[in-house]
>>> print(open('structure-v5.txt').read())   # compact mmCIF, N, CA and C atoms
# COMPACT_ATOMS: atom_id res chain seq x y z
N MET A 1 16.74 -10.88 20.66
CA MET A 1 17.43 -9.64 20.41
C MET A 1 17.52 -8.85 21.71
N SER A 2 18.63 -8.22 21.94
CA SER A 2 18.85 -7.51 23.19
C SER A 2 18.15 -6.15 23.19
N GLU A 3 18.04 -5.59 24.39
CA GLU A 3 17.42 -4.28 24.55
C GLU A 3 18.32 -3.21 23.92
N PRO A 4 17.73 -2.20 23.26
CA PRO A 4 18.53 -1.12 22.73
C PRO A 4 19.10 -0.27 23.87
N GLU A 5 20.29 0.24 23.67
CA GLU A 5 20.91 1.10 24.67
C GLU A 5 20.20 2.45 24.68
N SER A 6 20.15 3.08 25.86
CA SER A 6 19.50 4.38 25.93
C SER A 6 20.33 5.38 25.12
N GLY A 7 19.62 6.27 24.44
CA GLY A 7 20.28 7.25 23.59
C GLY A 7 20.66 6.72 22.22
N LYS A 8 20.50 5.42 21.99
CA LYS A 8 20.84 4.83 20.70
C LYS A 8 19.63 4.86 19.79
N SER A 9 19.88 4.95 18.50
CA SER A 9 18.79 4.93 17.54
C SER A 9 19.18 4.07 16.34
N HIS A 10 18.19 3.69 15.58
CA HIS A 10 18.37 2.93 14.34
C HIS A 10 17.71 3.70 13.21
N ALA A 11 18.23 3.56 12.01
CA ALA A 11 17.64 4.23 10.85
C ALA A 11 17.76 3.33 9.63
N TRP A 12 16.76 3.41 8.76
CA TRP A 12 16.73 2.61 7.55
C TRP A 12 16.39 3.52 6.37
N ALA A 13 17.02 3.26 5.23
CA ALA A 13 16.81 4.08 4.03
C ALA A 13 17.07 3.21 2.80
N PRO A 14 16.62 3.68 1.63
CA PRO A 14 16.94 2.94 0.41
C PRO A 14 18.45 2.84 0.22
N PRO A 15 18.92 1.76 -0.39
CA PRO A 15 20.36 1.61 -0.60
C PRO A 15 20.91 2.78 -1.43
N PRO A 16 22.01 3.42 -0.98
CA PRO A 16 22.57 4.56 -1.72
C PRO A 16 22.95 4.21 -3.16
N ALA A 17 23.43 3.00 -3.40
CA ALA A 17 23.80 2.61 -4.76
C ALA A 17 22.58 2.59 -5.67
N LEU A 18 21.44 2.17 -5.14
CA LEU A 18 20.22 2.14 -5.93
C LEU A 18 19.73 3.55 -6.26
N VAL A 19 19.83 4.46 -5.29
CA VAL A 19 19.43 5.85 -5.52
C VAL A 19 20.39 6.49 -6.53
N GLY A 20 21.68 6.23 -6.39
CA GLY A 20 22.65 6.76 -7.34
C GLY A 20 22.42 6.25 -8.75
N MET A 21 22.08 4.96 -8.85
CA MET A 21 21.77 4.38 -10.16
C MET A 21 20.53 5.04 -10.77
N ALA A 22 19.56 5.35 -9.95
CA ALA A 22 18.36 6.02 -10.45
C ALA A 22 18.70 7.40 -11.01
N TRP A 23 19.60 8.14 -10.34
CA TRP A 23 20.02 9.45 -10.86
C TRP A 23 20.73 9.30 -12.20
N VAL A 24 21.62 8.33 -12.30
CA VAL A 24 22.36 8.12 -13.56
C VAL A 24 21.40 7.73 -14.67
N LEU A 25 20.48 6.82 -14.39
CA LEU A 25 19.51 6.40 -15.41
C LEU A 25 18.57 7.54 -15.79
N ALA A 26 18.21 8.39 -14.83
CA ALA A 26 17.35 9.53 -15.13
C ALA A 26 18.05 10.50 -16.08
N VAL A 27 19.33 10.76 -15.85
CA VAL A 27 20.09 11.64 -16.75
C VAL A 27 20.22 11.01 -18.14
N ALA A 28 20.47 9.71 -18.18
CA ALA A 28 20.58 9.03 -19.48
C ALA A 28 19.24 9.06 -20.22
N ALA A 29 18.15 8.83 -19.51
CA ALA A 29 16.83 8.86 -20.14
C ALA A 29 16.48 10.28 -20.62
N LEU A 30 16.89 11.27 -19.84
CA LEU A 30 16.66 12.66 -20.26
C LEU A 30 17.43 12.97 -21.54
N ALA A 31 18.69 12.53 -21.61
CA ALA A 31 19.49 12.75 -22.82
C ALA A 31 18.87 12.04 -24.02
N TRP A 32 18.39 10.83 -23.80
CA TRP A 32 17.74 10.08 -24.87
C TRP A 32 16.47 10.81 -25.34
N THR A 33 15.73 11.36 -24.38
CA THR A 33 14.51 12.10 -24.73
C THR A 33 14.84 13.34 -25.55
N VAL A 34 15.84 14.08 -25.13
CA VAL A 34 16.18 15.35 -25.80
C VAL A 34 16.81 15.11 -27.17
N PHE A 35 17.72 14.15 -27.25
CA PHE A 35 18.48 13.95 -28.48
C PHE A 35 17.94 12.84 -29.37
N GLY A 36 16.89 12.15 -28.95
CA GLY A 36 16.32 11.08 -29.76
C GLY A 36 15.60 11.64 -30.98
N ASP A 37 15.54 10.84 -32.04
CA ASP A 37 14.90 11.32 -33.27
C ASP A 37 13.53 10.69 -33.53
N ASP A 38 13.04 9.89 -32.60
CA ASP A 38 11.74 9.25 -32.75
C ASP A 38 10.71 10.03 -31.93
N PRO A 39 9.79 10.75 -32.56
CA PRO A 39 8.83 11.57 -31.81
C PRO A 39 7.93 10.76 -30.87
N ARG A 40 7.50 9.56 -31.31
CA ARG A 40 6.66 8.74 -30.43
C ARG A 40 7.48 8.15 -29.29
N GLY A 41 8.72 7.83 -29.56
CA GLY A 41 9.60 7.30 -28.53
C GLY A 41 9.91 8.32 -27.45
N ARG A 42 9.88 9.60 -27.82
CA ARG A 42 10.14 10.66 -26.84
C ARG A 42 9.09 10.66 -25.73
N ILE A 43 7.88 10.32 -26.07
CA ILE A 43 6.82 10.28 -25.05
C ILE A 43 7.15 9.21 -24.01
N LEU A 44 7.53 8.04 -24.48
CA LEU A 44 7.88 6.95 -23.55
C LEU A 44 9.11 7.28 -22.73
N THR A 45 10.15 7.81 -23.37
CA THR A 45 11.35 8.12 -22.61
C THR A 45 11.12 9.30 -21.65
N ALA A 46 10.24 10.22 -22.02
CA ALA A 46 9.91 11.32 -21.10
C ALA A 46 9.20 10.77 -19.86
N LEU A 47 8.30 9.81 -20.04
CA LEU A 47 7.63 9.20 -18.89
C LEU A 47 8.62 8.41 -18.03
N ALA A 48 9.53 7.69 -18.68
CA ALA A 48 10.54 6.96 -17.93
C ALA A 48 11.45 7.92 -17.17
N THR A 49 11.81 9.03 -17.81
CA THR A 49 12.64 10.05 -17.16
C THR A 49 11.94 10.61 -15.94
N LEU A 50 10.67 10.92 -16.07
CA LEU A 50 9.90 11.47 -14.95
C LEU A 50 9.84 10.48 -13.79
N GLY A 51 9.56 9.22 -14.10
CA GLY A 51 9.51 8.20 -13.05
C GLY A 51 10.85 8.02 -12.34
N LEU A 52 11.93 7.97 -13.10
CA LEU A 52 13.26 7.83 -12.51
C LEU A 52 13.64 9.05 -11.68
N LEU A 53 13.29 10.24 -12.17
CA LEU A 53 13.57 11.46 -11.40
C LEU A 53 12.82 11.48 -10.08
N LEU A 54 11.56 11.08 -10.11
CA LEU A 54 10.78 11.05 -8.87
C LEU A 54 11.34 10.04 -7.88
N PHE A 55 11.71 8.85 -8.35
CA PHE A 55 12.29 7.85 -7.47
C PHE A 55 13.61 8.34 -6.88
N ALA A 56 14.47 8.91 -7.72
CA ALA A 56 15.77 9.39 -7.26
C ALA A 56 15.61 10.55 -6.28
N LEU A 57 14.70 11.46 -6.57
CA LEU A 57 14.46 12.60 -5.67
C LEU A 57 13.94 12.12 -4.33
N PHE A 58 12.98 11.21 -4.36
CA PHE A 58 12.41 10.67 -3.12
C PHE A 58 13.47 9.93 -2.31
N GLY A 59 14.28 9.12 -2.99
CA GLY A 59 15.34 8.37 -2.31
C GLY A 59 16.42 9.26 -1.73
N THR A 60 16.59 10.46 -2.29
CA THR A 60 17.59 11.39 -1.80
C THR A 60 17.05 12.25 -0.66
N VAL A 61 15.84 12.75 -0.81
CA VAL A 61 15.27 13.69 0.16
C VAL A 61 14.77 12.98 1.42
N ALA A 62 14.12 11.87 1.26
CA ALA A 62 13.51 11.17 2.40
C ALA A 62 14.49 10.18 3.01
N ARG A 63 15.63 10.66 3.47
CA ARG A 63 16.64 9.82 4.11
C ARG A 63 16.82 10.25 5.53
N PRO A 64 16.86 9.41 6.49
CA PRO A 64 16.45 8.01 6.43
C PRO A 64 14.93 7.91 6.33
N ARG A 65 14.46 6.88 5.68
CA ARG A 65 13.02 6.69 5.48
C ARG A 65 12.32 6.38 6.79
N LEU A 66 12.97 5.61 7.66
CA LEU A 66 12.42 5.24 8.95
C LEU A 66 13.52 5.32 9.99
N ALA A 67 13.24 5.95 11.11
CA ALA A 67 14.20 6.03 12.21
C ALA A 67 13.47 5.68 13.50
N ALA A 68 14.17 5.02 14.41
CA ALA A 68 13.58 4.62 15.68
C ALA A 68 14.55 4.96 16.81
N ASP A 69 13.99 5.41 17.92
CA ASP A 69 14.76 5.63 19.13
C ASP A 69 13.88 5.28 20.32
N ALA A 70 14.33 5.57 21.50
CA ALA A 70 13.58 5.20 22.71
C ALA A 70 12.23 5.90 22.82
N ASP A 71 12.07 7.04 22.16
CA ASP A 71 10.82 7.80 22.26
C ASP A 71 9.76 7.38 21.24
N GLY A 72 10.16 6.85 20.10
CA GLY A 72 9.20 6.45 19.08
C GLY A 72 9.83 6.28 17.72
N VAL A 73 9.01 6.39 16.68
CA VAL A 73 9.48 6.25 15.31
C VAL A 73 9.24 7.54 14.55
N GLU A 74 10.09 7.75 13.55
CA GLU A 74 9.94 8.90 12.66
C GLU A 74 9.95 8.39 11.23
N ILE A 75 8.94 8.77 10.46
CA ILE A 75 8.82 8.37 9.07
C ILE A 75 9.04 9.61 8.22
N ARG A 76 10.03 9.55 7.34
CA ARG A 76 10.31 10.69 6.46
C ARG A 76 9.53 10.52 5.17
N ARG A 77 9.01 11.65 4.70
CA ARG A 77 8.28 11.69 3.44
C ARG A 77 8.96 12.70 2.53
N LEU A 78 8.45 12.86 1.34
CA LEU A 78 9.04 13.81 0.41
C LEU A 78 8.90 15.24 0.93
N LEU A 79 7.77 15.55 1.53
CA LEU A 79 7.51 16.91 1.99
C LEU A 79 7.34 16.99 3.50
N GLY A 80 8.15 16.29 4.25
CA GLY A 80 8.06 16.40 5.70
C GLY A 80 8.30 15.07 6.38
N ARG A 81 7.90 15.04 7.64
CA ARG A 81 8.10 13.82 8.44
C ARG A 81 6.99 13.69 9.46
N GLN A 82 6.79 12.46 9.91
CA GLN A 82 5.83 12.17 10.97
C GLN A 82 6.57 11.54 12.13
N ARG A 83 6.15 11.88 13.33
CA ARG A 83 6.74 11.31 14.54
C ARG A 83 5.63 10.67 15.35
N TRP A 84 5.78 9.39 15.68
CA TRP A 84 4.80 8.67 16.50
C TRP A 84 5.49 8.11 17.73
N THR A 85 4.83 8.21 18.86
CA THR A 85 5.36 7.61 20.09
C THR A 85 5.07 6.12 20.06
N TRP A 86 5.81 5.36 20.87
CA TRP A 86 5.65 3.91 20.87
C TRP A 86 4.26 3.47 21.31
N GLY A 87 3.62 4.22 22.17
CA GLY A 87 2.29 3.84 22.62
C GLY A 87 1.24 3.92 21.53
N ALA A 88 1.53 4.67 20.48
CA ALA A 88 0.55 4.87 19.41
C ALA A 88 0.82 4.01 18.17
N VAL A 89 1.88 3.20 18.19
CA VAL A 89 2.27 2.47 16.98
C VAL A 89 2.01 0.98 17.12
N ARG A 90 1.39 0.41 16.10
CA ARG A 90 1.24 -1.04 16.00
C ARG A 90 2.12 -1.51 14.85
N ILE A 91 2.93 -2.53 15.10
CA ILE A 91 3.90 -3.02 14.12
C ILE A 91 3.47 -4.39 13.63
N THR A 92 3.31 -4.54 12.32
CA THR A 92 3.00 -5.85 11.73
C THR A 92 3.83 -6.03 10.45
N VAL A 93 4.04 -7.29 10.11
CA VAL A 93 4.70 -7.63 8.85
C VAL A 93 3.72 -8.48 8.06
N SER A 94 3.39 -8.03 6.87
CA SER A 94 2.47 -8.80 6.02
C SER A 94 3.26 -9.45 4.89
N SER A 95 2.76 -10.58 4.41
CA SER A 95 3.39 -11.32 3.32
C SER A 95 2.41 -11.48 2.19
N THR A 96 2.90 -11.28 0.97
CA THR A 96 2.07 -11.41 -0.22
C THR A 96 2.86 -12.15 -1.29
N ARG A 97 2.20 -13.00 -2.04
CA ARG A 97 2.84 -13.68 -3.17
C ARG A 97 2.68 -12.80 -4.40
N ARG A 98 3.82 -12.43 -5.00
CA ARG A 98 3.81 -11.63 -6.23
C ARG A 98 4.84 -12.18 -7.19
N PHE A 99 4.42 -12.40 -8.40
CA PHE A 99 5.31 -12.88 -9.45
C PHE A 99 6.11 -14.11 -9.02
N GLY A 100 5.46 -15.02 -8.31
CA GLY A 100 6.07 -16.27 -7.91
C GLY A 100 7.01 -16.19 -6.72
N ARG A 101 7.03 -15.07 -6.03
CA ARG A 101 7.87 -14.97 -4.83
C ARG A 101 7.11 -14.27 -3.73
N THR A 102 7.55 -14.49 -2.51
CA THR A 102 6.89 -13.90 -1.35
C THR A 102 7.52 -12.55 -1.04
N VAL A 103 6.68 -11.52 -0.95
CA VAL A 103 7.12 -10.16 -0.65
C VAL A 103 6.63 -9.80 0.75
N HIS A 104 7.54 -9.30 1.59
CA HIS A 104 7.19 -8.90 2.94
C HIS A 104 7.11 -7.38 3.02
N LEU A 105 6.12 -6.88 3.75
CA LEU A 105 5.94 -5.45 3.93
C LEU A 105 5.81 -5.14 5.42
N LEU A 106 6.45 -4.07 5.85
CA LEU A 106 6.35 -3.60 7.21
C LEU A 106 5.19 -2.60 7.27
N GLU A 107 4.25 -2.86 8.18
CA GLU A 107 3.10 -1.96 8.34
C GLU A 107 3.19 -1.30 9.70
N LEU A 108 3.20 0.02 9.71
CA LEU A 108 3.17 0.80 10.94
C LEU A 108 1.83 1.52 10.97
N ASP A 109 1.04 1.20 11.96
CA ASP A 109 -0.31 1.74 12.09
C ASP A 109 -0.38 2.58 13.35
N SER A 110 -0.81 3.81 13.21
CA SER A 110 -0.91 4.70 14.36
C SER A 110 -2.37 4.99 14.64
N ALA A 111 -2.73 4.91 15.91
CA ALA A 111 -4.10 5.18 16.32
C ALA A 111 -4.21 6.57 16.92
N ASP A 112 -3.25 7.46 16.64
CA ASP A 112 -3.33 8.83 17.14
C ASP A 112 -4.63 9.48 16.69
N THR A 113 -5.21 10.27 17.55
CA THR A 113 -6.46 10.93 17.21
C THR A 113 -6.24 12.22 16.44
N ASP A 114 -5.01 12.70 16.37
CA ASP A 114 -4.75 13.92 15.60
C ASP A 114 -4.61 13.59 14.12
N ASP A 115 -4.31 14.58 13.31
CA ASP A 115 -4.22 14.40 11.86
C ASP A 115 -2.99 13.60 11.44
N GLU A 116 -2.06 13.35 12.33
CA GLU A 116 -0.83 12.65 11.99
C GLU A 116 -0.99 11.13 12.00
N GLY A 117 -2.12 10.61 12.45
CA GLY A 117 -2.33 9.17 12.51
C GLY A 117 -2.51 8.59 11.13
N GLY A 118 -2.34 7.27 11.01
CA GLY A 118 -2.55 6.63 9.73
C GLY A 118 -1.77 5.34 9.61
N LEU A 119 -1.69 4.85 8.39
CA LEU A 119 -1.00 3.60 8.07
C LEU A 119 0.16 3.91 7.13
N VAL A 120 1.33 3.37 7.44
CA VAL A 120 2.50 3.50 6.59
C VAL A 120 2.97 2.10 6.25
N VAL A 121 3.13 1.82 4.96
CA VAL A 121 3.57 0.51 4.49
C VAL A 121 4.93 0.70 3.82
N LEU A 122 5.92 -0.04 4.31
CA LEU A 122 7.30 0.08 3.82
C LEU A 122 7.81 -1.27 3.35
N GLY A 123 8.46 -1.30 2.22
CA GLY A 123 9.03 -2.52 1.69
C GLY A 123 10.54 -2.47 1.70
N TRP A 124 11.15 -3.46 1.04
CA TRP A 124 12.60 -3.55 1.01
C TRP A 124 13.21 -2.32 0.36
N LEU A 125 12.61 -1.81 -0.71
CA LEU A 125 13.16 -0.63 -1.38
C LEU A 125 13.17 0.58 -0.46
N ASP A 126 12.18 0.72 0.42
CA ASP A 126 12.14 1.84 1.35
C ASP A 126 13.17 1.71 2.46
N LEU A 127 13.40 0.48 2.90
CA LEU A 127 14.19 0.25 4.11
C LEU A 127 15.63 -0.18 3.83
N GLY A 128 15.89 -0.77 2.68
CA GLY A 128 17.23 -1.25 2.38
C GLY A 128 17.57 -2.56 3.06
N THR A 129 16.62 -3.14 3.75
CA THR A 129 16.81 -4.43 4.42
C THR A 129 15.45 -5.11 4.52
N GLU A 130 15.44 -6.36 4.93
CA GLU A 130 14.19 -7.10 5.02
C GLU A 130 13.26 -6.49 6.08
N PRO A 131 11.99 -6.27 5.75
CA PRO A 131 11.04 -5.69 6.70
C PRO A 131 10.89 -6.50 7.99
N ALA A 132 11.03 -7.82 7.93
CA ALA A 132 10.92 -8.63 9.16
C ALA A 132 12.05 -8.31 10.13
N GLU A 133 13.25 -8.06 9.61
CA GLU A 133 14.38 -7.70 10.46
C GLU A 133 14.16 -6.33 11.11
N VAL A 134 13.61 -5.40 10.35
CA VAL A 134 13.31 -4.07 10.89
C VAL A 134 12.25 -4.17 11.97
N ALA A 135 11.23 -4.98 11.73
CA ALA A 135 10.17 -5.15 12.73
C ALA A 135 10.73 -5.72 14.02
N ALA A 136 11.67 -6.65 13.93
CA ALA A 136 12.28 -7.22 15.14
C ALA A 136 13.01 -6.15 15.94
N VAL A 137 13.73 -5.27 15.27
CA VAL A 137 14.43 -4.18 15.96
C VAL A 137 13.42 -3.22 16.58
N LEU A 138 12.39 -2.87 15.82
CA LEU A 138 11.38 -1.95 16.35
C LEU A 138 10.69 -2.51 17.60
N ARG A 139 10.45 -3.82 17.60
CA ARG A 139 9.79 -4.42 18.77
C ARG A 139 10.66 -4.38 20.01
N THR A 140 11.97 -4.37 19.84
CA THR A 140 12.85 -4.24 21.01
C THR A 140 12.72 -2.87 21.64
N TYR A 141 12.44 -1.86 20.85
CA TYR A 141 12.26 -0.51 21.37
C TYR A 141 10.94 -0.37 22.14
N ARG A 142 9.94 -1.11 21.72
CA ARG A 142 8.61 -1.00 22.35
C ARG A 142 8.59 -1.52 23.77
N ARG A 143 9.51 -2.37 24.17
CA ARG A 143 9.49 -3.00 25.50
C ARG A 143 9.71 -2.01 26.59
>>> encode(input="structure-v5.txt", output="structure tokens")
Amino acid sequence: MSEPESGKSHAWAPPPALVGMAWVLAVAALAWTVFGDDPRGRILTALATLGLLLFALFGTVARPRLAADADGVEIRRLLGRQRWTWGAVRITVSSTRRFGRTVHLLELDSADTDDEGGLVVLGWLDLGTEPAEVAAVLRTYRR
């Protein structure tokens, strides 16, 4: 992979169609909860509505989920963002077998001594693309 151009950046976020679908399903689940006639079923649909609303809100607010430029990486969260310089970030991709398939996760580990340090684990849903591809792009910035 070639060196990134100066002033250029990359960003990754959940697929917009998936976030839009979550909003539509959340509204449908809310309508089912409000207008449904099964009292026990309302509890389940209320929980489903809450989960869909949280996913849709997070997918809308935390965009882009991960951004990279020549200075470092920025991770967006629901209530803010973290910025790490390249010298403080370790990039790894882990693989796990789940439900008969291999799932890859991008791990960004910061050794900063301030309160902003920590571990961030991002999957395909967070990035909208394969974590191994994102790691390859991030490693070009570290050079």
>>> select_by_dssp(input="structure-v5.txt", residues="stretch 78-129 of chain A", states="helix (DSSP H, G or I)", output="NGL selection string")
:A and (86-88 or 124-127)
>>> write_last_selection(input="structure-v5.txt", atoms="N, CA and C atoms", output="tab-separated table (two decimals), in the coordinates of the input")
chain	number	residue	atom	x	y	z
A	86	TRP	N	5.81	5.36	20.87
A	86	TRP	CA	5.65	3.91	20.87
A	86	TRP	C	4.26	3.47	21.31
A	87	GLY	N	3.62	4.22	22.17
A	87	GLY	CA	2.29	3.84	22.62
A	87	GLY	C	1.24	3.92	21.53
A	88	ALA	N	1.53	4.67	20.48
A	88	ALA	CA	0.55	4.87	19.41
A	88	ALA	C	0.82	4.01	18.17
A	124	TRP	N	11.15	-3.46	1.04
A	124	TRP	CA	12.60	-3.55	1.01
A	124	TRP	C	13.21	-2.32	0.36
A	125	LEU	N	12.61	-1.81	-0.71
A	125	LEU	CA	13.16	-0.63	-1.38
A	125	LEU	C	13.17	0.58	-0.46
A	126	ASP	N	12.18	0.72	0.42
A	126	ASP	CA	12.14	1.84	1.35
A	126	ASP	C	13.17	1.71	2.46
A	127	LEU	N	13.40	0.48	2.90
A	127	LEU	CA	14.19	0.25	4.11
A	127	LEU	C	15.63	-0.18	3.83
>>> closest_residue(input="structure-v5.txt", among="A:Leu50, A:Ala68, A:Ala88, A:Ala135", to="A:Ala11", atoms="only C-alpha atoms")
A:Ala68
>>> residues_around(input="structure-v5.txt", residues="A:Thr60", least_positions_apart="6", cutoff="9 Å", atoms="only C-alpha atoms", output="VMD selection string")
chain A and resid 14 16 19 to 20
>>> write_last_selection(input="structure-v5.txt", atoms="N, CA and C atoms", output="compact mmCIF listing (two decimals), in the coordinates of the input")
# COMPACT_ATOMS: atom_id res chain seq x y z
N PRO A 14 16.62 3.68 1.63
CA PRO A 14 16.94 2.94 0.41
C PRO A 14 18.45 2.84 0.22
N PRO A 16 22.01 3.42 -0.98
CA PRO A 16 22.57 4.56 -1.72
C PRO A 16 22.95 4.21 -3.16
N VAL A 19 19.83 4.46 -5.29
CA VAL A 19 19.43 5.85 -5.52
C VAL A 19 20.39 6.49 -6.53
N GLY A 20 21.68 6.23 -6.39
CA GLY A 20 22.65 6.76 -7.34
C GLY A 20 22.42 6.25 -8.75
>>> atom_distance(input="structure-v5.txt", atom1="atom CA of A:Ser94", atom2="atom CA of A:Ala13")
19.4 Å
>>> closest_residue(input="structure-v5.txt", among="A:Pro64, A:Pro39, A:Gly72, A:Gly87", to="A:Trp12", atoms="only C-alpha atoms")
A:Pro64
>>> atom_distance(input="structure-v5.txt", atom1="atom C of A:Leu44", atom2="atom CA of A:Ala22")
15.4 Å
>>> atom_distance(input="structure-v5.txt", atom1="atom CA of A:Leu66", atom2="atom CA of A:Ala111")
18.1 Å
>>> select_by_dssp(input="structure-v5.txt", residues="stretch 15-134 of chain A", states="strand (DSSP E)", output="short mmCIF file (atom, residue, chain, number, x, y, z; two decimals) with N, CA and C atoms, in the frame of the given file")
data_model
loop_
_atom_site.label_atom_id
_atom_site.label_comp_id
_atom_site.auth_asym_id
_atom_site.auth_seq_id
_atom_site.Cartn_x
_atom_site.Cartn_y
_atom_site.Cartn_z
N LEU A 66 12.97 5.61 7.66
CA LEU A 66 12.42 5.24 8.95
C LEU A 66 13.52 5.32 9.99
N ALA A 67 13.24 5.95 11.11
CA ALA A 67 14.20 6.03 12.21
C ALA A 67 13.47 5.68 13.50
N ALA A 68 14.17 5.02 14.41
CA ALA A 68 13.58 4.62 15.68
C ALA A 68 14.55 4.96 16.81
N GLY A 72 10.16 6.85 20.10
CA GLY A 72 9.20 6.45 19.08
C GLY A 72 9.83 6.28 17.72
N VAL A 73 9.01 6.39 16.68
CA VAL A 73 9.48 6.25 15.31
C VAL A 73 9.24 7.54 14.55
N GLU A 74 10.09 7.75 13.55
CA GLU A 74 9.94 8.90 12.66
C GLU A 74 9.95 8.39 11.23
N ILE A 75 8.94 8.77 10.46
CA ILE A 75 8.82 8.37 9.07
C ILE A 75 9.04 9.61 8.22
N ARG A 76 10.03 9.55 7.34
CA ARG A 76 10.31 10.69 6.46
C ARG A 76 9.53 10.52 5.17
N ARG A 77 9.01 11.65 4.70
CA ARG A 77 8.28 11.69 3.44
C ARG A 77 8.96 12.70 2.53
N GLY A 80 8.15 16.29 4.25
CA GLY A 80 8.06 16.40 5.70
C GLY A 80 8.30 15.07 6.38
N ARG A 81 7.90 15.04 7.64
CA ARG A 81 8.10 13.82 8.44
C ARG A 81 6.99 13.69 9.46
N GLN A 82 6.79 12.46 9.91
CA GLN A 82 5.83 12.17 10.97
C GLN A 82 6.57 11.54 12.13
N ARG A 83 6.15 11.88 13.33
CA ARG A 83 6.74 11.31 14.54
C ARG A 83 5.63 10.67 15.35
N TRP A 84 5.78 9.39 15.68
CA TRP A 84 4.80 8.67 16.50
C TRP A 84 5.49 8.11 17.73
N THR A 85 4.83 8.21 18.86
CA THR A 85 5.36 7.61 20.09
C THR A 85 5.07 6.12 20.06
N VAL A 89 1.88 3.20 18.19
CA VAL A 89 2.27 2.47 16.98
C VAL A 89 2.01 0.98 17.12
N ARG A 90 1.39 0.41 16.10
CA ARG A 90 1.24 -1.04 16.00
C ARG A 90 2.12 -1.51 14.85
N ILE A 91 2.93 -2.53 15.10
CA ILE A 91 3.90 -3.02 14.12
C ILE A 91 3.47 -4.39 13.63
N THR A 92 3.31 -4.54 12.32
CA THR A 92 3.00 -5.85 11.73
C THR A 92 3.83 -6.03 10.45
N VAL A 93 4.04 -7.29 10.11
CA VAL A 93 4.70 -7.63 8.85
C VAL A 93 3.72 -8.48 8.06
N SER A 94 3.39 -8.03 6.87
CA SER A 94 2.47 -8.80 6.02
C SER A 94 3.26 -9.45 4.89
N SER A 95 2.76 -10.58 4.41
CA SER A 95 3.39 -11.32 3.32
C SER A 95 2.41 -11.48 2.19
N THR A 96 2.90 -11.28 0.97
CA THR A 96 2.07 -11.41 -0.22
C THR A 96 2.86 -12.15 -1.29
N ARG A 97 2.20 -13.00 -2.04
CA ARG A 97 2.84 -13.68 -3.17
C ARG A 97 2.68 -12.80 -4.40
N ARG A 98 3.82 -12.43 -5.00
CA ARG A 98 3.81 -11.63 -6.23
C ARG A 98 4.84 -12.18 -7.19
N ARG A 101 7.03 -15.07 -6.03
CA ARG A 101 7.87 -14.97 -4.83
C ARG A 101 7.11 -14.27 -3.73
N THR A 102 7.55 -14.49 -2.51
CA THR A 102 6.89 -13.90 -1.35
C THR A 102 7.52 -12.55 -1.04
N VAL A 103 6.68 -11.52 -0.95
CA VAL A 103 7.12 -10.16 -0.65
C VAL A 103 6.63 -9.80 0.75
N HIS A 104 7.54 -9.30 1.59
CA HIS A 104 7.19 -8.90 2.94
C HIS A 104 7.11 -7.38 3.02
N LEU A 105 6.12 -6.88 3.75
CA LEU A 105 5.94 -5.45 3.93
C LEU A 105 5.81 -5.14 5.42
N LEU A 106 6.45 -4.07 5.85
CA LEU A 106 6.35 -3.60 7.21
C LEU A 106 5.19 -2.60 7.27
N GLU A 107 4.25 -2.86 8.18
CA GLU A 107 3.10 -1.96 8.34
C GLU A 107 3.19 -1.30 9.70
N LEU A 108 3.20 0.02 9.71
CA LEU A 108 3.17 0.80 10.94
C LEU A 108 1.83 1.52 10.97
N ASP A 109 1.04 1.20 11.96
CA ASP A 109 -0.31 1.74 12.09
C ASP A 109 -0.38 2.58 13.35
N SER A 110 -0.81 3.81 13.21
CA SER A 110 -0.91 4.70 14.36
C SER A 110 -2.37 4.99 14.64
N GLY A 118 -2.34 7.27 11.01
CA GLY A 118 -2.55 6.63 9.73
C GLY A 118 -1.77 5.34 9.61
N LEU A 119 -1.69 4.85 8.39
CA LEU A 119 -1.00 3.60 8.07
C LEU A 119 0.16 3.91 7.13
N VAL A 120 1.33 3.37 7.44
CA VAL A 120 2.50 3.50 6.59
C VAL A 120 2.97 2.10 6.25
N VAL A 121 3.13 1.82 4.96
CA VAL A 121 3.57 0.51 4.49
C VAL A 121 4.93 0.70 3.82
N LEU A 122 5.92 -0.04 4.31
CA LEU A 122 7.30 0.08 3.82
C LEU A 122 7.81 -1.27 3.35
#
>>> closest_residue(input="structure-v5.txt", among="A:Val61, A:Ala132, A:Leu119, A:Ala70", to="A:Ser9", atoms="only N, CA and C atoms")
A:Ala70
>>> axis_aligned_box(input="structure-v5.txt", around="stretch 85-102 of chain A", padding_each_side="3 Å", output="JSON")
{"center_x": 4.2, "center_y": -4.0, "center_z": 6.6, "size_x": 13.3, "size_y": 30.5, "size_z": 38.1}
>>> closest_residue(input="structure-v5.txt", among="A:Gln82, A:Ala17, A:Asp69, A:Thr45", to="A:Leu138", atoms="all atoms listed in the file")
A:Asp69
>>> residues_around(input="structure-v5.txt", residues="A:Val103", least_positions_apart="4", cutoff="8 Å", atoms="only N, CA and C atoms", output="PyMOL selection string")
chain A and resi 93-99+123-124
>>> write_last_selection(input="structure-v5.txt", atoms="N, CA and C atoms", output="compact mmCIF listing (two decimals), keeping the file's coordinate frame")
# COMPACT_ATOMS: atom_id res chain seq x y z
N VAL A 93 4.04 -7.29 10.11
CA VAL A 93 4.70 -7.63 8.85
C VAL A 93 3.72 -8.48 8.06
N SER A 94 3.39 -8.03 6.87
CA SER A 94 2.47 -8.80 6.02
C SER A 94 3.26 -9.45 4.89
N SER A 95 2.76 -10.58 4.41
CA SER A 95 3.39 -11.32 3.32
C SER A 95 2.41 -11.48 2.19
N THR A 96 2.90 -11.28 0.97
CA THR A 96 2.07 -11.41 -0.22
C THR A 96 2.86 -12.15 -1.29
N ARG A 97 2.20 -13.00 -2.04
CA ARG A 97 2.84 -13.68 -3.17
C ARG A 97 2.68 -12.80 -4.40
N ARG A 98 3.82 -12.43 -5.00
CA ARG A 98 3.81 -11.63 -6.23
C ARG A 98 4.84 -12.18 -7.19
N PHE A 99 4.42 -12.40 -8.40
CA PHE A 99 5.31 -12.88 -9.45
C PHE A 99 6.11 -14.11 -9.02
N GLY A 123 8.46 -1.30 2.22
CA GLY A 123 9.03 -2.52 1.69
C GLY A 123 10.54 -2.47 1.70
N TRP A 124 11.15 -3.46 1.04
CA TRP A 124 12.60 -3.55 1.01
C TRP A 124 13.21 -2.32 0.36
